[in-house]
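*Asks:* The structure under discussion is supplied below as structure tokens; questions concerning it will follow.
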Amino acid sequence: MRLEFENLTIRDATLGDAKLLTTWWNDGEIMKDVGFPYGLKTTVQKVKDEINSDVHLLILELDKTPIGEMNYKECDEQSAEIGIKICDTSLQNKGLGKKYISMLISSLFNDYDYKRIVLDTALNNTRAQHVYEQIGFRKLGIRENCWRDQVGELQSAVDYELTVNDFVDHRVL
């Protein structure tokens with residue numbers, strides 16, 4: 001996959017990206033919003049294995065410089081699950097995530113013919129929830145105390161879905 005809009009690019013991760021992804025995934029500041037304040041403590045080899053898995057791992061670029069990552073995986077023939085992280089924390093809260101998500105979702109609906117996109121986020125990640133709801137995601141529910149984070153605290157998650165008819169493309173807004 002390679003998607004471009006203005007100075008934004010989404011491209012397939014390659015084995016050459018494994019070192020950068022390892023650095024990001026091991027950084028607690030980047031990973032705290034997904035429950036890993038001490039990072040994933042992963043290795044380059046494990047990341048290479050992830051790149052070769054059934055999860056489509058994508059690199060986000062701004063002006064040809066990697067700034068984050070996304071992923072998607074097929075749930076069934078009609079639906080896919082997505083995730084995103086802007087890993088350059090100085091570029092968070094600038095509206096980029098909304099544009100990248102719009103780019104990916106537009107492609108999943110138009111190029112891959114998915115009818116439904118799902119995702120979840122931590123209940124305390126209100127910044128992400130705000131972005132998802134602006135794009136048109138509908139809150140399906142909250143799973144209370146459904147997992148323990150890296151420090152052993154119970155966390156809750158919010159489940160979302162988006163259908164092609166509810167999608168608001170924020171690339172053009």
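To be explicit about the labels: the chains of the structure tokens are called A, B, and onward in the order shown, and within each one the residues are counted from 1, while ligands get numbers from 1 in the order they are shown.
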List every residue of segment 29-134 of chain A that has an atom at most 6 Å from any atom of segment 156-166 of chain A, giving for each one its closest atom pair and the distance in Å to one decimal, counting only C-alpha atoms, sorted by chain and then by ascending residue number, as CSV.
*Replies:*
```
residue,atom,partner,partner_atom,distance
A:Lys115,CA,A:Val164,CA,5.8
A:Arg116,CA,A:Thr163,CA,4.5
A:Ile117,CA,A:Leu162,CA,5.1
A:Val118,CA,A:Glu161,CA,4.3
A:Leu119,CA,A:Tyr160,CA,5.4
A:Asp120,CA,A:Asp159,CA,4.4
A:Thr121,CA,A:Val158,CA,5.4
A:Ala122,CA,A:Ala157,CA,4.4
A:Leu123,CA,A:Ala157,CA,4.9
```
*Asks:* Name the residues of segment 39-157 of chain A that come out as strand (DSSP E or B) in a backbone DSSP run; write them as number ranges by chain.
*Replies:* A: 56-62, 65-76, 79-86, 116-122, 138-148, 154-157
*Asks:* Tell me, as a PDB file with N, CA, C and O atoms, in the first residue's frame, which residues lie within 10 Å of segment 39-53 of chain A, counting only C-alpha atoms; anything in the same chain fewer than 2 positions away does not count.
*Replies:*
```pdb
ATOM      1  N   ASP A  12       3.591   0.817   3.113  1.00  0.00           N
ATOM      2  CA  ASP A  12       3.859  -0.448   3.784  1.00  0.00           C
ATOM      3  C   ASP A  12       5.173  -0.363   4.542  1.00  0.00           C
ATOM      4  O   ASP A  12       6.162   0.189   4.036  1.00  0.00           O
ATOM      5  N   ALA A  13       5.188  -0.913   5.735  1.00  0.00           N
ATOM      6  CA  ALA A  13       6.440  -1.050   6.474  1.00  0.00           C
ATOM      7  C   ALA A  13       7.278  -2.125   5.798  1.00  0.00           C
ATOM      8  O   ALA A  13       6.754  -3.117   5.277  1.00  0.00           O
ATOM      9  N   THR A  14       8.589  -1.910   5.799  1.00  0.00           N
ATOM     10  CA  THR A  14       9.526  -2.893   5.248  1.00  0.00           C
ATOM     11  C   THR A  14      10.439  -3.374   6.368  1.00  0.00           C
ATOM     12  O   THR A  14      10.475  -2.780   7.455  1.00  0.00           O
ATOM     13  N   LEU A  15      11.187  -4.406   6.081  1.00  0.00           N
ATOM     14  CA  LEU A  15      12.143  -4.894   7.081  1.00  0.00           C
ATOM     15  C   LEU A  15      13.139  -3.808   7.464  1.00  0.00           C
ATOM     16  O   LEU A  15      13.629  -3.780   8.583  1.00  0.00           O
ATOM     17  N   GLY A  16      13.400  -2.880   6.550  1.00  0.00           N
ATOM     18  CA  GLY A  16      14.288  -1.765   6.844  1.00  0.00           C
ATOM     19  C   GLY A  16      13.731  -0.804   7.880  1.00  0.00           C
ATOM     20  O   GLY A  16      14.474   0.002   8.446  1.00  0.00           O
ATOM     21  N   ASP A  17      12.424  -0.870   8.143  1.00  0.00           N
ATOM     22  CA  ASP A  17      11.792  -0.021   9.155  1.00  0.00           C
ATOM     23  C   ASP A  17      11.827  -0.643  10.553  1.00  0.00           C
ATOM     24  O   ASP A  17      11.430  -0.006  11.524  1.00  0.00           O
ATOM     25  N   ALA A  18      12.287  -1.876  10.659  1.00  0.00           N
ATOM     26  CA  ALA A  18      12.213  -2.604  11.931  1.00  0.00           C
ATOM     27  C   ALA A  18      12.955  -1.891  13.057  1.00  0.00           C
ATOM     28  O   ALA A  18      12.458  -1.835  14.197  1.00  0.00           O
ATOM     29  N   LYS A  19      14.112  -1.338  12.782  1.00  0.00           N
ATOM     30  CA  LYS A  19      14.879  -0.668  13.847  1.00  0.00           C
ATOM     31  C   LYS A  19      14.127   0.555  14.368  1.00  0.00           C
ATOM     32  O   LYS A  19      14.039   0.773  15.581  1.00  0.00           O
ATOM     33  N   LEU A  20      13.569   1.363  13.459  1.00  0.00           N
ATOM     34  CA  LEU A  20      12.807   2.544  13.869  1.00  0.00           C
ATOM     35  C   LEU A  20      11.556   2.143  14.654  1.00  0.00           C
ATOM     36  O   LEU A  20      11.271   2.722  15.715  1.00  0.00           O
ATOM     37  N   LEU A  21      10.825   1.155  14.172  1.00  0.00           N
ATOM     38  CA  LEU A  21       9.628   0.690  14.885  1.00  0.00           C
ATOM     39  C   LEU A  21       9.993   0.162  16.272  1.00  0.00           C
ATOM     40  O   LEU A  21       9.284   0.421  17.250  1.00  0.00           O
ATOM     41  N   THR A  22      11.107  -0.548  16.363  1.00  0.00           N
ATOM     42  CA  THR A  22      11.562  -1.054  17.663  1.00  0.00           C
ATOM     43  C   THR A  22      11.829   0.103  18.613  1.00  0.00           C
ATOM     44  O   THR A  22      11.427   0.068  19.783  1.00  0.00           O
ATOM     45  N   THR A  23      12.479   1.143  18.126  1.00  0.00           N
ATOM     46  CA  THR A  23      12.757   2.325  18.951  1.00  0.00           C
ATOM     47  C   THR A  23      11.450   2.946  19.434  1.00  0.00           C
ATOM     48  O   THR A  23      11.304   3.262  20.624  1.00  0.00           O
ATOM     49  N   TRP A  24      10.502   3.123  18.523  1.00  0.00           N
ATOM     50  CA  TRP A  24       9.213   3.705  18.914  1.00  0.00           C
ATOM     51  C   TRP A  24       8.492   2.822  19.921  1.00  0.00           C
ATOM     52  O   TRP A  24       7.996   3.294  20.935  1.00  0.00           O
ATOM     53  N   TRP A  25       8.395   1.520  19.634  1.00  0.00           N
ATOM     54  CA  TRP A  25       7.625   0.610  20.478  1.00  0.00           C
ATOM     55  C   TRP A  25       8.258   0.408  21.851  1.00  0.00           C
ATOM     56  O   TRP A  25       7.580   0.025  22.792  1.00  0.00           O
ATOM     57  N   ASN A  26       9.542   0.663  21.970  1.00  0.00           N
ATOM     58  CA  ASN A  26      10.215   0.533  23.264  1.00  0.00           C
ATOM     59  C   ASN A  26      10.222   1.841  24.054  1.00  0.00           C
ATOM     60  O   ASN A  26      10.713   1.873  25.179  1.00  0.00           O
ATOM     61  N   ASP A  27       9.670   2.896  23.490  1.00  0.00           N
ATOM     62  CA  ASP A  27       9.639   4.215  24.127  1.00  0.00           C
ATOM     63  C   ASP A  27       8.341   4.359  24.927  1.00  0.00           C
ATOM     64  O   ASP A  27       7.252   4.440  24.361  1.00  0.00           O
ATOM     65  N   GLY A  28       8.455   4.401  26.242  1.00  0.00           N
ATOM     66  CA  GLY A  28       7.288   4.495  27.109  1.00  0.00           C
ATOM     67  C   GLY A  28       6.461   5.751  26.899  1.00  0.00           C
ATOM     68  O   GLY A  28       5.237   5.726  27.054  1.00  0.00           O
ATOM     69  N   GLU A  29       7.095   6.847  26.537  1.00  0.00           N
ATOM     70  CA  GLU A  29       6.347   8.088  26.287  1.00  0.00           C
ATOM     71  C   GLU A  29       5.416   7.923  25.087  1.00  0.00           C
ATOM     72  O   GLU A  29       4.274   8.378  25.107  1.00  0.00           O
ATOM     73  N   ILE A  30       5.881   7.252  24.056  1.00  0.00           N
ATOM     74  CA  ILE A  30       5.059   7.007  22.871  1.00  0.00           C
ATOM     75  C   ILE A  30       3.980   5.976  23.170  1.00  0.00           C
ATOM     76  O   ILE A  30       2.843   6.106  22.721  1.00  0.00           O
ATOM     77  N   MET A  31       4.312   4.962  23.942  1.00  0.00           N
ATOM     78  CA  MET A  31       3.418   3.811  24.132  1.00  0.00           C
ATOM     79  C   MET A  31       2.488   3.927  25.338  1.00  0.00           C
ATOM     80  O   MET A  31       1.644   3.067  25.550  1.00  0.00           O
ATOM     81  N   LYS A  32       2.603   4.998  26.114  1.00  0.00           N
ATOM     82  CA  LYS A  32       1.801   5.099  27.340  1.00  0.00           C
ATOM     83  C   LYS A  32       0.296   5.120  27.064  1.00  0.00           C
ATOM     84  O   LYS A  32      -0.485   4.569  27.847  1.00  0.00           O
ATOM     85  N   VAL A  34      -1.344   3.518  24.979  1.00  0.00           N
ATOM     86  CA  VAL A  34      -1.856   2.187  24.660  1.00  0.00           C
ATOM     87  C   VAL A  34      -1.520   1.180  25.770  1.00  0.00           C
ATOM     88  O   VAL A  34      -1.571  -0.028  25.561  1.00  0.00           O
ATOM     89  N   GLY A  35      -1.168   1.703  26.959  1.00  0.00           N
ATOM     90  CA  GLY A  35      -1.019   0.847  28.126  1.00  0.00           C
ATOM     91  C   GLY A  35       0.375   0.333  28.410  1.00  0.00           C
ATOM     92  O   GLY A  35       0.545  -0.574  29.220  1.00  0.00           O
ATOM     93  N   PHE A  36       1.394   0.911  27.759  1.00  0.00           N
ATOM     94  CA  PHE A  36       2.759   0.435  27.951  1.00  0.00           C
ATOM     95  C   PHE A  36       3.692   1.596  28.298  1.00  0.00           C
ATOM     96  O   PHE A  36       4.536   1.994  27.496  1.00  0.00           O
ATOM     97  N   PRO A  37       3.582   2.130  29.520  1.00  0.00           N
ATOM     98  CA  PRO A  37       4.409   3.275  29.903  1.00  0.00           C
ATOM     99  C   PRO A  37       5.900   2.961  29.996  1.00  0.00           C
ATOM    100  O   PRO A  37       6.717   3.875  30.087  1.00  0.00           O
ATOM    101  N   VAL A  55      -0.949  -8.894   9.991  1.00  0.00           N
ATOM    102  CA  VAL A  55      -1.299  -7.505  10.259  1.00  0.00           C
ATOM    103  C   VAL A  55      -0.539  -6.645   9.251  1.00  0.00           C
ATOM    104  O   VAL A  55       0.669  -6.793   9.090  1.00  0.00           O
ATOM    105  N   HIS A  56      -1.247  -5.782   8.563  1.00  0.00           N
ATOM    106  CA  HIS A  56      -0.616  -4.892   7.592  1.00  0.00           C
ATOM    107  C   HIS A  56      -0.062  -3.686   8.345  1.00  0.00           C
ATOM    108  O   HIS A  56      -0.810  -2.818   8.778  1.00  0.00           O
ATOM    109  N   LEU A  57       1.238  -3.664   8.522  1.00  0.00           N
ATOM    110  CA  LEU A  57       1.904  -2.598   9.260  1.00  0.00           C
ATOM    111  C   LEU A  57       2.317  -1.505   8.279  1.00  0.00           C
ATOM    112  O   LEU A  57       2.924  -1.790   7.238  1.00  0.00           O
ATOM    113  N   LEU A  58       1.979  -0.267   8.619  1.00  0.00           N
ATOM    114  CA  LEU A  58       2.177   0.869   7.726  1.00  0.00           C
ATOM    115  C   LEU A  58       2.985   1.954   8.420  1.00  0.00           C
ATOM    116  O   LEU A  58       2.854   2.153   9.629  1.00  0.00           O
ATOM    117  N   LYS A  73      -5.961  -4.983   9.888  1.00  0.00           N
ATOM    118  CA  LYS A  73      -6.062  -6.421   9.643  1.00  0.00           C
ATOM    119  C   LYS A  73      -7.512  -6.736   9.322  1.00  0.00           C
ATOM    120  O   LYS A  73      -8.443  -6.081   9.806  1.00  0.00           O
ATOM    121  N   GLN A 150       0.561  -2.357  31.685  1.00  0.00           N
ATOM    122  CA  GLN A 150       1.908  -2.806  32.010  1.00  0.00           C
ATOM    123  C   GLN A 150       2.253  -2.675  33.496  1.00  0.00           C
ATOM    124  O   GLN A 150       3.112  -3.400  33.996  1.00  0.00           O
TER     125      GLN A 150
END
```
*Asks:* To one decimal in Å, tell me the separation between atom CA of Arg11 of chain A and atom CA of Ile59 of chain A.
*Replies:*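 It comes out at 5.4 Å.
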*Asks:* Mind checking which residues fall within 12 Å of His130 of chain A, counting only C-alpha atoms, ignoring those fewer than 3 positions away in the same chain, and posting them as a ChimeraX atom specification?
*Replies:* /A:93,95,97-98,121,123-127,133-139,158,160
*Asks:* Measuring between only C-alpha atoms, which one of A:Ser90, A:Ser102, A:Thr65, A:Ser79 shows the shortest distance to Val168 of chain A?
*Replies:* A:Ser102
*Asks:* Hey, what's within 10 Å of Leu62 of chain A if we count only C-alpha atoms and toss same-chain stuff fewer than 6 positions away? As a VMD selection string, please?
*Replies:* chain A and resid 6 to 10 68 91 96
*Asks:* Among segment 3-172 of chain A, which residues carry a DSSP assignment of helix (DSSP H, G or I), reported as number ranges by chain?
*Replies:* A: 15-25, 28-34, 44-51, 89-91, 96-110, 126-135, 164-166
*Asks:* Go ahead and save the picked residues with C-alpha atoms, as a short mmCIF file (atom, residue, chain, number, x, y, z; two decimals), in the first residue's frame.
*Replies:*
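Once everything was written out, this is part.cif:
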```cif
data_model
loop_
_atom_site.label_atom_id
_atom_site.label_comp_id
_atom_site.auth_asym_id
_atom_site.auth_seq_id
_atom_site.Cartn_x
_atom_site.Cartn_y
_atom_site.Cartn_z
CA LEU A 15 12.14 -4.89 7.08
CA GLY A 16 14.29 -1.77 6.84
CA ASP A 17 11.79 -0.02 9.16
CA ALA A 18 12.21 -2.60 11.93
CA LYS A 19 14.88 -0.67 13.85
CA LEU A 20 12.81 2.54 13.87
CA LEU A 21 9.63 0.69 14.89
CA THR A 22 11.56 -1.05 17.66
CA THR A 23 12.76 2.32 18.95
CA TRP A 24 9.21 3.71 18.91
CA TRP A 25 7.63 0.61 20.48
CA GLY A 28 7.29 4.50 27.11
CA GLU A 29 6.35 8.09 26.29
CA ILE A 30 5.06 7.01 22.87
CA MET A 31 3.42 3.81 24.13
CA LYS A 32 1.80 5.10 27.34
CA ASP A 33 -1.57 5.84 25.67
CA VAL A 34 -1.86 2.19 24.66
CA VAL A 44 14.32 -5.85 16.07
CA GLN A 45 13.78 -9.52 15.18
CA LYS A 46 10.35 -9.60 16.83
CA VAL A 47 9.39 -6.44 14.93
CA LYS A 48 10.59 -8.03 11.67
CA ASP A 49 8.35 -11.00 12.46
CA GLU A 50 5.44 -8.57 13.02
CA ILE A 51 6.12 -6.91 9.66
CA THR A 89 5.12 13.44 20.02
CA SER A 90 5.88 16.99 18.86
CA LEU A 91 3.47 16.36 15.95
CA LEU A 96 -2.45 14.85 11.30
CA GLY A 97 -3.98 11.71 12.79
CA LYS A 98 -7.38 12.65 11.45
CA LYS A 99 -5.94 13.06 7.96
CA TYR A 100 -3.96 9.81 8.06
CA ILE A 101 -6.97 7.87 9.33
CA SER A 102 -9.10 9.39 6.58
CA MET A 103 -6.56 8.37 3.97
CA LEU A 104 -6.46 4.78 5.19
CA ILE A 105 -10.21 4.43 5.65
CA SER A 106 -10.92 5.90 2.23
CA SER A 107 -8.61 3.32 0.69
CA LEU A 108 -10.05 0.44 2.73
CA PHE A 109 -13.57 1.37 1.63
CA ASN A 110 -12.82 2.29 -1.99
CA THR A 126 -10.23 10.88 25.19
CA ARG A 127 -8.05 12.60 22.57
CA ALA A 128 -8.31 9.56 20.30
CA GLN A 129 -12.04 9.17 20.98
CA HIS A 130 -12.63 12.77 19.90
CA VAL A 131 -10.81 12.18 16.60
CA TYR A 132 -12.63 8.91 15.89
CA GLU A 133 -16.02 10.44 16.54
CA GLN A 134 -15.27 13.41 14.25
CA ILE A 135 -14.51 10.97 11.44
CA VAL A 164 -18.98 3.59 4.58
CA ASN A 165 -22.14 5.70 4.89
CA ASP A 166 -21.00 7.29 8.16
#
```
*Asks:* Counting only C-alpha atoms, which of A:Tyr38, A:Asp76, A:Gln92, A:Glu4 gets nearest to Val151 of chain A?
*Replies:*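 Among A:Tyr38, A:Asp76, A:Gln92, A:Glu4, it is A:Tyr38 that comes nearest to Val151 of chain A.
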*Asks:* So what do you get for atom CA of Asp63 of chain A versus atom CA of Arg171 of chain A, distance-wise?
*Replies:*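 Atom CA of Asp63 of chain A sits 15.9 Å away from atom CA of Arg171 of chain A.
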*Asks:* Suppose you want the space between atom CA of Asp88 of chain A and atom CA of Gln155 of chain A; what is it in Å?
*Replies:*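 Those two atoms sit 24.7 Å apart.
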